[in-house]
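Enquirer: Pasting coords.pdb below, which is PDB, C-alpha atoms and all ligand atoms.
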ATOM      1  CA  MET T   1     115.763  57.279  68.484  1.00  0.00           C
ATOM      2  CA  ALA T   2     117.055  53.706  68.281  1.00  0.00           C
ATOM      3  CA  LEU T   3     119.518  52.648  65.597  1.00  0.00           C
ATOM      4  CA  LEU T   4     117.672  49.401  64.841  1.00  0.00           C
ATOM      5  CA  THR T   5     114.035  48.725  65.706  1.00  0.00           C
ATOM      6  CA  PHE T   6     111.903  45.609  65.288  1.00  0.00           C
ATOM      7  CA  LYS T   7     108.255  46.502  65.899  1.00  0.00           C
ATOM      8  CA  ASN T   8     105.788  43.596  66.169  1.00  0.00           C
ATOM      9  CA  VAL T   9     107.682  41.749  63.469  1.00  0.00           C
ATOM     10  CA  ALA T  10     106.511  38.456  62.031  1.00  0.00           C
ATOM     11  CA  LYS T  11     108.040  36.471  59.204  1.00  0.00           C
ATOM     12  CA  ARG T  12     106.391  33.501  57.586  1.00  0.00           C
ATOM     13  CA  TYR T  13     107.294  31.323  54.646  1.00  0.00           C
ATOM     14  CA  LEU T  14     104.007  30.152  53.100  1.00  0.00           C
ATOM     15  CA  TYR T  15     101.988  29.398  56.253  1.00  0.00           C
ATOM     16  CA  ASP T  16     104.797  28.687  58.714  1.00  0.00           C
ATOM     17  CA  TYR T  17     105.815  31.460  61.074  1.00  0.00           C
ATOM     18  CA  VAL T  18     109.558  31.597  61.701  1.00  0.00           C
ATOM     19  CA  ILE T  19     109.334  34.834  63.712  1.00  0.00           C
ATOM     20  CA  LYS T  20     106.224  36.006  65.544  1.00  0.00           C
ATOM     21  CA  ASP T  21     105.568  39.281  67.356  1.00  0.00           C
ATOM     22  CA  PHE T  22     109.239  40.118  67.753  1.00  0.00           C
ATOM     23  CA  ASN T  23     110.159  43.430  69.375  1.00  0.00           C
ATOM     24  CA  LEU T  24     113.628  44.828  69.927  1.00  0.00           C
ATOM     25  CA  GLU T  25     115.263  48.217  70.119  1.00  0.00           C
ATOM     26  CA  VAL T  26     119.015  48.414  69.617  1.00  0.00           C
ATOM     27  CA  GLY T  27     120.745  51.656  70.576  1.00  0.00           C
ATOM     28  CA  TYR T  28     124.039  53.239  69.584  1.00  0.00           C
ATOM     29  CA  SER T  29     127.315  51.585  70.640  1.00  0.00           C
ATOM     30  CA  GLU T  30     125.435  48.498  71.832  1.00  0.00           C
ATOM     31  CA  VAL T  31     126.270  44.846  71.273  1.00  0.00           C
ATOM     32  CA  VAL T  32     123.358  42.436  70.893  1.00  0.00           C
ATOM     33  CA  ARG T  33     123.779  38.682  70.697  1.00  0.00           C
ATOM     34  CA  LEU T  34     120.843  36.807  69.123  1.00  0.00           C
ATOM     35  CA  GLU T  35     121.155  33.336  70.561  1.00  0.00           C
ATOM     36  CA  GLY T  36     119.054  30.299  69.784  1.00  0.00           C
ATOM     37  CA  PRO T  37     119.031  26.708  68.575  1.00  0.00           C
ATOM     38  CA  ASN T  38     119.242  25.739  64.887  1.00  0.00           C
ATOM     39  CA  GLY T  39     116.110  26.827  63.096  1.00  0.00           C
ATOM     40  CA  SER T  40     115.001  29.372  65.706  1.00  0.00           C
ATOM     41  CA  GLY T  41     115.137  32.228  63.196  1.00  0.00           C
ATOM     42  CA  LYS T  42     118.469  33.926  63.967  1.00  0.00           C
ATOM     43  CA  THR T  43     119.521  34.215  60.330  1.00  0.00           C
ATOM     44  CA  THR T  44     116.022  35.360  59.384  1.00  0.00           C
ATOM     45  CA  LEU T  45     116.195  38.201  61.937  1.00  0.00           C
ATOM     46  CA  LEU T  46     119.543  39.333  60.560  1.00  0.00           C
ATOM     47  CA  LYS T  47     118.204  39.198  56.998  1.00  0.00           C
ATOM     48  CA  LEU T  48     115.267  41.348  58.112  1.00  0.00           C
ATOM     49  CA  ALA T  49     117.645  43.848  59.762  1.00  0.00           C
ATOM     50  CA  ALA T  50     119.822  43.920  56.627  1.00  0.00           C
ATOM     51  CA  GLY T  51     116.844  44.378  54.317  1.00  0.00           C
ATOM     52  CA  ILE T  52     117.586  41.100  52.525  1.00  0.00           C
ATOM     53  CA  GLU T  53     114.082  39.907  53.505  1.00  0.00           C
ATOM     54  CA  ARG T  54     110.971  41.944  54.196  1.00  0.00           C
ATOM     55  CA  PRO T  55     108.791  41.254  57.238  1.00  0.00           C
ATOM     56  CA  SER T  56     105.410  39.608  56.640  1.00  0.00           C
ATOM     57  CA  GLU T  57     103.977  41.757  59.433  1.00  0.00           C
ATOM     58  CA  GLY T  58     105.273  44.657  61.512  1.00  0.00           C
ATOM     59  CA  GLU T  59     108.113  47.029  60.840  1.00  0.00           C
ATOM     60  CA  VAL T  60     111.922  47.041  60.814  1.00  0.00           C
ATOM     61  CA  LEU T  61     113.693  50.394  60.924  1.00  0.00           C
ATOM     62  CA  ILE T  62     117.291  51.599  60.726  1.00  0.00           C
ATOM     63  CA  GLU T  63     116.930  54.930  62.514  1.00  0.00           C
ATOM     64  CA  GLU T  64     113.790  56.192  60.771  1.00  0.00           C
ATOM     65  CA  LEU T  65     113.980  54.328  57.441  1.00  0.00           C
ATOM     66  CA  PRO T  66     113.361  50.723  56.330  1.00  0.00           C
ATOM     67  CA  PRO T  67     116.539  48.636  55.927  1.00  0.00           C
ATOM     68  CA  TRP T  68     116.166  48.229  52.162  1.00  0.00           C
ATOM     69  CA  HIS T  69     116.404  51.999  51.688  1.00  0.00           C
ATOM     70  CA  LEU T  70     119.698  53.045  50.077  1.00  0.00           C
ATOM     71  CA  GLU T  71     120.470  55.403  52.957  1.00  0.00           C
ATOM     72  CA  SER T  72     120.049  52.513  55.430  1.00  0.00           C
ATOM     73  CA  LYS T  73     122.294  50.247  53.353  1.00  0.00           C
ATOM     74  CA  ARG T  74     125.073  52.834  53.595  1.00  0.00           C
ATOM     75  CA  LYS T  75     124.857  52.707  57.393  1.00  0.00           C
ATOM     76  CA  MET T  76     125.397  48.954  57.644  1.00  0.00           C
ATOM     77  CA  GLY T  77     128.126  46.390  57.233  1.00  0.00           C
ATOM     78  CA  VAL T  78     126.881  42.834  56.803  1.00  0.00           C
ATOM     79  CA  VAL T  79     128.620  39.460  56.934  1.00  0.00           C
ATOM     80  CA  MET T  80     126.327  36.498  56.326  1.00  0.00           C
ATOM     81  CA  HIS T  81     127.243  32.861  55.628  1.00  0.00           C
ATOM     82  CA  ASN T  82     127.479  33.428  51.893  1.00  0.00           C
ATOM     83  CA  ASN T  83     130.443  35.497  50.734  1.00  0.00           C
ATOM     84  CA  MET T  84     129.810  38.810  49.015  1.00  0.00           C
ATOM     85  CA  THR T  85     133.392  39.205  47.754  1.00  0.00           C
ATOM     86  CA  TYR T  86     134.238  37.767  44.321  1.00  0.00           C
ATOM     87  CA  ALA T  87     136.105  34.453  44.170  1.00  0.00           C
ATOM     88  CA  GLU T  88     137.718  35.296  40.822  1.00  0.00           C
ATOM     89  CA  LEU T  89     139.162  38.613  41.993  1.00  0.00           C
ATOM     90  CA  THR T  90     142.248  38.993  44.149  1.00  0.00           C
ATOM     91  CA  VAL T  91     141.972  40.364  47.686  1.00  0.00           C
ATOM     92  CA  ARG T  92     143.246  43.739  46.435  1.00  0.00           C
ATOM     93  CA  GLU T  93     140.826  43.821  43.483  1.00  0.00           C
ATOM     94  CA  ASN T  94     137.907  42.995  45.779  1.00  0.00           C
ATOM     95  CA  LEU T  95     138.850  45.774  48.175  1.00  0.00           C
ATOM     96  CA  GLU T  96     139.273  48.250  45.307  1.00  0.00           C
ATOM     97  CA  PHE T  97     135.914  47.241  43.873  1.00  0.00           C
ATOM     98  CA  PHE T  98     134.001  47.578  47.161  1.00  0.00           C
ATOM     99  CA  ALA T  99     135.779  50.823  48.067  1.00  0.00           C
ATOM    100  CA  SER T 100     134.605  52.349  44.794  1.00  0.00           C
ATOM    101  CA  LEU T 101     131.121  50.921  45.338  1.00  0.00           C
ATOM    102  CA  TYR T 102     130.926  52.513  48.803  1.00  0.00           C
ATOM    103  CA  GLY T 103     132.588  55.679  47.499  1.00  0.00           C
ATOM    104  CA  VAL T 104     135.336  55.519  50.124  1.00  0.00           C
ATOM    105  CA  ASN T 105     139.085  55.785  50.018  1.00  0.00           C
ATOM    106  CA  LEU T 106     141.014  52.504  49.810  1.00  0.00           C
ATOM    107  CA  ASP T 107     143.244  53.547  52.723  1.00  0.00           C
ATOM    108  CA  GLU T 108     140.829  52.361  55.411  1.00  0.00           C
ATOM    109  CA  ALA T 109     140.465  48.926  53.763  1.00  0.00           C
ATOM    110  CA  MET T 110     144.242  48.637  53.585  1.00  0.00           C
ATOM    111  CA  ARG T 111     144.637  49.676  57.214  1.00  0.00           C
ATOM    112  CA  LEU T 112     142.027  47.115  58.365  1.00  0.00           C
ATOM    113  CA  SER T 113     143.662  44.432  56.192  1.00  0.00           C
ATOM    114  CA  LYS T 114     146.980  45.068  57.861  1.00  0.00           C
ATOM    115  CA  GLU T 115     145.393  44.790  61.307  1.00  0.00           C
ATOM    116  CA  VAL T 116     144.322  41.220  60.535  1.00  0.00           C
ATOM    117  CA  GLY T 117     147.319  40.157  58.427  1.00  0.00           C
ATOM    118  CA  LEU T 118     145.502  40.226  55.093  1.00  0.00           C
ATOM    119  CA  ASP T 119     148.108  42.621  53.686  1.00  0.00           C
ATOM    120  CA  LYS T 120     150.321  39.613  52.958  1.00  0.00           C
ATOM    121  CA  ARG T 121     147.631  38.021  50.802  1.00  0.00           C
ATOM    122  CA  MET T 122     146.666  40.956  48.591  1.00  0.00           C
ATOM    123  CA  GLU T 123     147.520  39.235  45.311  1.00  0.00           C
ATOM    124  CA  GLN T 124     145.784  35.955  46.147  1.00  0.00           C
ATOM    125  CA  ARG T 125     142.400  35.225  44.562  1.00  0.00           C
ATOM    126  CA  ALA T 126     139.603  35.343  47.130  1.00  0.00           C
ATOM    127  CA  GLY T 127     138.385  31.928  46.010  1.00  0.00           C
ATOM    128  CA  GLU T 128     141.740  30.425  46.939  1.00  0.00           C
ATOM    129  CA  LEU T 129     141.704  31.700  50.518  1.00  0.00           C
ATOM    130  CA  SER T 130     140.957  29.310  53.361  1.00  0.00           C
ATOM    131  CA  PHE T 131     137.641  29.748  55.210  1.00  0.00           C
ATOM    132  CA  GLY T 132     139.184  31.846  57.979  1.00  0.00           C
ATOM    133  CA  TRP T 133     141.061  34.164  55.619  1.00  0.00           C
ATOM    134  CA  ARG T 134     138.011  34.631  53.387  1.00  0.00           C
ATOM    135  CA  LYS T 135     136.070  35.569  56.549  1.00  0.00           C
ATOM    136  CA  ARG T 136     138.702  38.199  57.380  1.00  0.00           C
ATOM    137  CA  LEU T 137     138.304  39.587  53.859  1.00  0.00           C
ATOM    138  CA  GLU T 138     134.503  39.641  54.273  1.00  0.00           C
ATOM    139  CA  LEU T 139     134.909  41.509  57.542  1.00  0.00           C
ATOM    140  CA  VAL T 140     137.218  44.128  56.034  1.00  0.00           C
ATOM    141  CA  ARG T 141     134.769  44.462  53.116  1.00  0.00           C
ATOM    142  CA  ALA T 142     131.935  45.034  55.620  1.00  0.00           C
ATOM    143  CA  LEU T 143     133.831  47.517  57.808  1.00  0.00           C
ATOM    144  CA  MET T 144     135.756  49.662  55.298  1.00  0.00           C
ATOM    145  CA  HIS T 145     133.045  52.348  55.126  1.00  0.00           C
ATOM    146  CA  ASN T 146     132.806  52.671  58.943  1.00  0.00           C
ATOM    147  CA  PRO T 147     129.204  51.472  59.239  1.00  0.00           C
ATOM    148  CA  LYS T 148     127.115  52.489  62.251  1.00  0.00           C
ATOM    149  CA  LEU T 149     125.476  49.073  62.313  1.00  0.00           C
ATOM    150  CA  ILE T 150     127.439  45.823  61.944  1.00  0.00           C
ATOM    151  CA  LEU T 151     125.385  42.676  61.327  1.00  0.00           C
ATOM    152  CA  LEU T 152     127.136  39.307  61.584  1.00  0.00           C
ATOM    153  CA  ASP T 153     125.700  35.814  61.171  1.00  0.00           C
ATOM    154  CA  GLU T 154     127.525  33.331  63.445  1.00  0.00           C
ATOM    155  CA  PRO T 155     130.847  35.165  63.114  1.00  0.00           C
ATOM    156  CA  PHE T 156     132.857  32.830  65.362  1.00  0.00           C
ATOM    157  CA  VAL T 157     131.842  29.593  63.641  1.00  0.00           C
ATOM    158  CA  GLY T 158     134.725  27.893  61.844  1.00  0.00           C
ATOM    159  CA  LEU T 159     137.431  30.313  63.005  1.00  0.00           C
ATOM    160  CA  ASP T 160     140.558  29.203  64.849  1.00  0.00           C
ATOM    161  CA  THR T 161     141.946  31.219  67.781  1.00  0.00           C
ATOM    162  CA  PRO T 162     143.945  33.694  65.626  1.00  0.00           C
ATOM    163  CA  GLY T 163     140.854  34.106  63.416  1.00  0.00           C
ATOM    164  CA  LYS T 164     138.655  34.864  66.417  1.00  0.00           C
ATOM    165  CA  GLU T 165     141.246  37.300  67.759  1.00  0.00           C
ATOM    166  CA  ALA T 166     141.399  39.096  64.397  1.00  0.00           C
ATOM    167  CA  LEU T 167     137.610  39.351  64.320  1.00  0.00           C
ATOM    168  CA  LEU T 168     137.452  40.716  67.877  1.00  0.00           C
ATOM    169  CA  LYS T 169     140.241  43.195  67.192  1.00  0.00           C
ATOM    170  CA  LEU T 170     138.316  44.799  64.340  1.00  0.00           C
ATOM    171  CA  LEU T 171     134.960  44.671  66.133  1.00  0.00           C
ATOM    172  CA  ARG T 172     136.312  46.215  69.340  1.00  0.00           C
ATOM    173  CA  GLU T 173     137.925  48.993  67.356  1.00  0.00           C
ATOM    174  CA  ALA T 174     134.606  49.629  65.568  1.00  0.00           C
ATOM    175  CA  LEU T 175     132.809  49.652  68.937  1.00  0.00           C
ATOM    176  CA  ARG T 176     135.259  52.179  70.332  1.00  0.00           C
ATOM    177  CA  LYS T 177     134.452  54.382  67.357  1.00  0.00           C
ATOM    178  CA  GLY T 178     130.739  54.149  68.198  1.00  0.00           C
ATOM    179  CA  SER T 179     129.445  51.344  65.972  1.00  0.00           C
ATOM    180  CA  THR T 180     126.743  48.921  67.087  1.00  0.00           C
ATOM    181  CA  VAL T 181     127.121  45.161  66.615  1.00  0.00           C
ATOM    182  CA  VAL T 182     124.256  42.698  66.247  1.00  0.00           C
ATOM    183  CA  TYR T 183     125.339  39.097  65.816  1.00  0.00           C
ATOM    184  CA  THR T 184     123.920  35.608  66.009  1.00  0.00           C
ATOM    185  CA  ALA T 185     125.300  32.617  67.863  1.00  0.00           C
ATOM    186  CA  PRO T 186     124.153  29.022  68.261  1.00  0.00           C
ATOM    187  CA  VAL T 187     122.818  28.436  71.759  1.00  0.00           C
ATOM    188  CA  GLY T 188     125.545  27.648  74.292  1.00  0.00           C
ATOM    189  CA  SER T 189     128.358  28.409  71.866  1.00  0.00           C
ATOM    190  CA  GLU T 190     131.563  30.082  72.939  1.00  0.00           C
ATOM    191  CA  GLY T 191     132.869  33.450  71.837  1.00  0.00           C
ATOM    192  CA  ARG T 192     131.604  36.834  72.982  1.00  0.00           C
ATOM    193  CA  VAL T 193     132.024  40.187  71.292  1.00  0.00           C
ATOM    194  CA  SER T 194     131.732  42.159  74.523  1.00  0.00           C
ATOM    195  CA  GLU T 195     131.438  41.625  78.266  1.00  0.00           C
ATOM    196  CA  GLU T 196     128.514  44.037  78.343  1.00  0.00           C
ATOM    197  CA  GLU T 197     126.527  42.614  75.471  1.00  0.00           C
ATOM    198  CA  LYS T 198     122.774  42.165  75.626  1.00  0.00           C
ATOM    199  CA  VAL T 199     121.640  38.585  74.978  1.00  0.00           C
ATOM    200  CA  VAL T 200     118.318  37.991  73.215  1.00  0.00           C
ATOM    201  CA  ARG T 201     117.241  34.351  73.456  1.00  0.00           C
ATOM    202  CA  LEU T 202     115.161  32.840  70.676  1.00  0.00           C
ATOM    203  CA  VAL T 203     113.256  29.565  71.061  1.00  0.00           C
TER     204      VAL T 203
HETATM  205  N1  LIG R   1     113.608  30.974  52.180  1.00  0.00           N
HETATM  206  C1  LIG R   1     113.001  30.137  53.014  1.00  0.00           C
HETATM  207  N2  LIG R   1     111.912  29.433  52.655  1.00  0.00           N
HETATM  208  C2  LIG R   1     111.289  28.607  53.522  1.00  0.00           C
HETATM  209  N3  LIG R   1     111.673  28.414  54.801  1.00  0.00           N
HETATM  210  C3  LIG R   1     112.746  29.078  55.231  1.00  0.00           C
HETATM  211  C4  LIG R   1     113.473  29.985  54.376  1.00  0.00           C
HETATM  212  N4  LIG R   1     114.490  30.521  55.090  1.00  0.00           N
HETATM  213  C5  LIG R   1     114.421  29.968  56.319  1.00  0.00           C
HETATM  214  N5  LIG R   1     113.373  29.109  56.409  1.00  0.00           N
HETATM  215  C6  LIG R   1     112.987  28.345  57.608  1.00  0.00           C
HETATM  216  O1  LIG R   1     112.931  29.245  58.701  1.00  0.00           O
HETATM  217  C7  LIG R   1     113.388  28.623  59.898  1.00  0.00           C
HETATM  218  C8  LIG R   1     114.439  29.481  60.564  1.00  0.00           C
HETATM  219  O2  LIG R   1     115.595  29.536  59.742  1.00  0.00           O
HETATM  220  P1  LIG R   1     116.872  30.391  60.126  1.00  0.00           P
HETATM  221  O3  LIG R   1     117.898  30.113  59.099  1.00  0.00           O
HETATM  222  O4  LIG R   1     116.481  31.799  60.361  1.00  0.00           O
HETATM  223  O5  LIG R   1     117.283  29.746  61.528  1.00  0.00           O
HETATM  224  P2  LIG R   1     118.616  29.854  62.361  1.00  0.00           P
HETATM  225  O6  LIG R   1     118.219  30.098  63.768  1.00  0.00           O
HETATM  226  O7  LIG R   1     119.539  30.845  61.737  1.00  0.00           O
HETATM  227  O8  LIG R   1     119.199  28.400  62.223  1.00  0.00           O
HETATM  228  P3  LIG R   1     120.723  27.837  62.117  1.00  0.00           P
HETATM  229  O9  LIG R   1     121.312  27.958  63.499  1.00  0.00           O
HETATM  230  O10 LIG R   1     120.501  26.410  61.712  1.00  0.00           O
HETATM  231  O11 LIG R   1     121.459  28.657  61.080  1.00  0.00           O
HETATM  232  C9  LIG R   1     113.865  27.241  59.498  1.00  0.00           C
HETATM  233  O12 LIG R   1     112.869  26.320  59.844  1.00  0.00           O
HETATM  234  C10 LIG R   1     114.026  27.318  58.000  1.00  0.00           C
HETATM  235  O13 LIG R   1     113.786  26.105  57.391  1.00  0.00           O
END
Show me the file's structure as structure tokens.
Ligand SMILES: Nc1ncnc2c1ncn2[C@@H]1O[C@H](COP(=O)(O)OP(=O)(O)OP(=O)(O)O)[C@@H](O)[C@H]1O

Expert:
Amino acid sequence: MALLTFKNVAKRYLYDYVIKDFNLEVGYSEVVRLEGPNGSGKTTLLKLAAGIERPSEGEVLIEELPPWHLESKRKMGVVMHNNMTYAELTVRENLEFFASLYGVNLDEAMRLSKEVGLDKRMEQRAGELSFGWRKRLELVRALMHNPKLILLDEPFVGLDTPGKEALLKLLREALRKGSTVVYTAPVGSEGRVSEEEKVVRLV
């Protein structure tokens, strides 16, 4: 059984098809890079995998269930362009809130925070963090429950070298533990999650 399956998937908004007849099987401990120009449907594919959007045709599955199923949601960690952490809460409050939401111990969030240097910013409000530090917080928020499937929309965009290194540190650790990573990247852009990643080109 694959971890993530797209079976003859199409997505259209009104009459315009963004995705047509898309098929992909992603296995365990794999890294898949969805690469394509602006507007090719990368974000749409991630939204379909995350259950944020439903396909117009075909089927998306996380193991054997649709991605909007609660059991599927528990298996995934998602970082899109919009932040899911709360601007008005401090870093610590956000982590406490999401840990209770996921029903996990705060220890893992604290450990991950330390790995990327967020431990020194615990009392800062999330809304006051710079782009790169907010991204680190989003990543810790997405990884604290050890998801099997990590979905990231253009994770390298806007990060400086230390930011990219922090991102790769956490992702490589998750991969070693058996997680799968699916991420999008603008065509020709730099930054790779893994040497052995599978590249899916969109047009
Ligand atoms: N909610 C929506 N309603 C209508 N059209 C949409 C909607 N969301 C996306 N689209 C259209 O779908 C197409 C693909 O968008 P998508 O964001 O998936 O592309 P992308 O490859 O991620 O692009 P980028 O690299 O610019 O982020 C675009 O033409 C976009 O205008």

Enquirer: Kindly give the distance, in Å, that separates CA of Asp21 in chain T and CA of Lys75 in chain T, rounded to a single decimal.

Expert: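 For CA of Asp21 in chain T relative to CA of Lys75 in chain T, the distance reads 25.5 Å.
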
Enquirer: Using all atoms listed in the file, determine which residues lie at most 10 Å from Gly163 in chain T, disregarding the query and same-chain residues fewer than 2 positions distant; provide the list as a list in words.

Expert: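 Selected residues are Val116, Phe131, Gly132, Trp133, Lys135, Arg136, Phe156, Gly158, Leu159, Asp160, Thr161, Glu165, Ala166, Leu167, Leu168 and Lys169 of chain T.
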
Enquirer: Within 10 Å of (111.9, 49.2, 60.8) (file coordinates; only C-alpha atoms), which protein or nucleic acid residues are there? I'd like them as a tab-separated table (two decimals) with C-alpha atoms, keeping the file's coordinate frame.

Expert:
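Generated file (part-v4.tsv):
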chain	number	residue	atom	x	y	z
T	3	LEU	CA	119.52	52.65	65.60
T	4	LEU	CA	117.67	49.40	64.84
T	5	THR	CA	114.04	48.72	65.71
T	6	PHE	CA	111.90	45.61	65.29
T	7	LYS	CA	108.26	46.50	65.90
T	8	ASN	CA	105.79	43.60	66.17
T	9	VAL	CA	107.68	41.75	63.47
T	25	GLU	CA	115.26	48.22	70.12
T	48	LEU	CA	115.27	41.35	58.11
T	49	ALA	CA	117.64	43.85	59.76
T	51	GLY	CA	116.84	44.38	54.32
T	54	ARG	CA	110.97	41.94	54.20
T	55	PRO	CA	108.79	41.25	57.24
T	58	GLY	CA	105.27	44.66	61.51
T	59	GLU	CA	108.11	47.03	60.84
T	60	VAL	CA	111.92	47.04	60.81
T	61	LEU	CA	113.69	50.39	60.92
T	62	ILE	CA	117.29	51.60	60.73
T	63	GLU	CA	116.93	54.93	62.51
T	64	GLU	CA	113.79	56.19	60.77
T	65	LEU	CA	113.98	54.33	57.44
T	66	PRO	CA	113.36	50.72	56.33
T	67	PRO	CA	116.54	48.64	55.93
T	68	TRP	CA	116.17	48.23	52.16

Enquirer: Please check which protein, DNA or RNA residues sit within 10 Å of ligand LIG 1 (chain R), counting only C-alpha atoms and all ligand atoms, and write them as an MDAnalysis selection string.

Expert: chainID T and resid 11:19 34:48 53 81 153:154 184:187 202:203

Enquirer: Show me the residues close to (133.4, 37.1, 51.2) - anything with an atom within 10 Å, counting all atoms listed in the file - and format the list as a list in words.

Expert: Val79, Met80, His81, Asn82, Asn83, Met84, Thr85, Tyr86, Ala87, Val91, Asn94, Ala126, Gly127, Leu129, Phe131, Trp133, Arg134, Lys135, Arg136, Leu137, Glu138, Leu139, Val140, Arg141 and Ala142 of chain T

Enquirer: Take CA of Ser179 in chain T and CA of His145 in chain T and report the distance between them in Å, one decimal.

Expert: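 So the answer is 11.5 Å.
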
Enquirer: Since I can't run it myself right now, could you work out what the PyMOL selection byres (((chain T and resi 149) around 7) and not hetatm) selects here and report it as number ranges by chain?

Expert: T: 75-77, 147-148, 150-151, 179-181

Enquirer: Mind pulling up the distance from CA of Val199 in chain T to CA of Ser72 in chain T?

Expert: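 Value for the CA of Ser72 in chain T-CA of Val199 in chain T distance: 24.1 Å.
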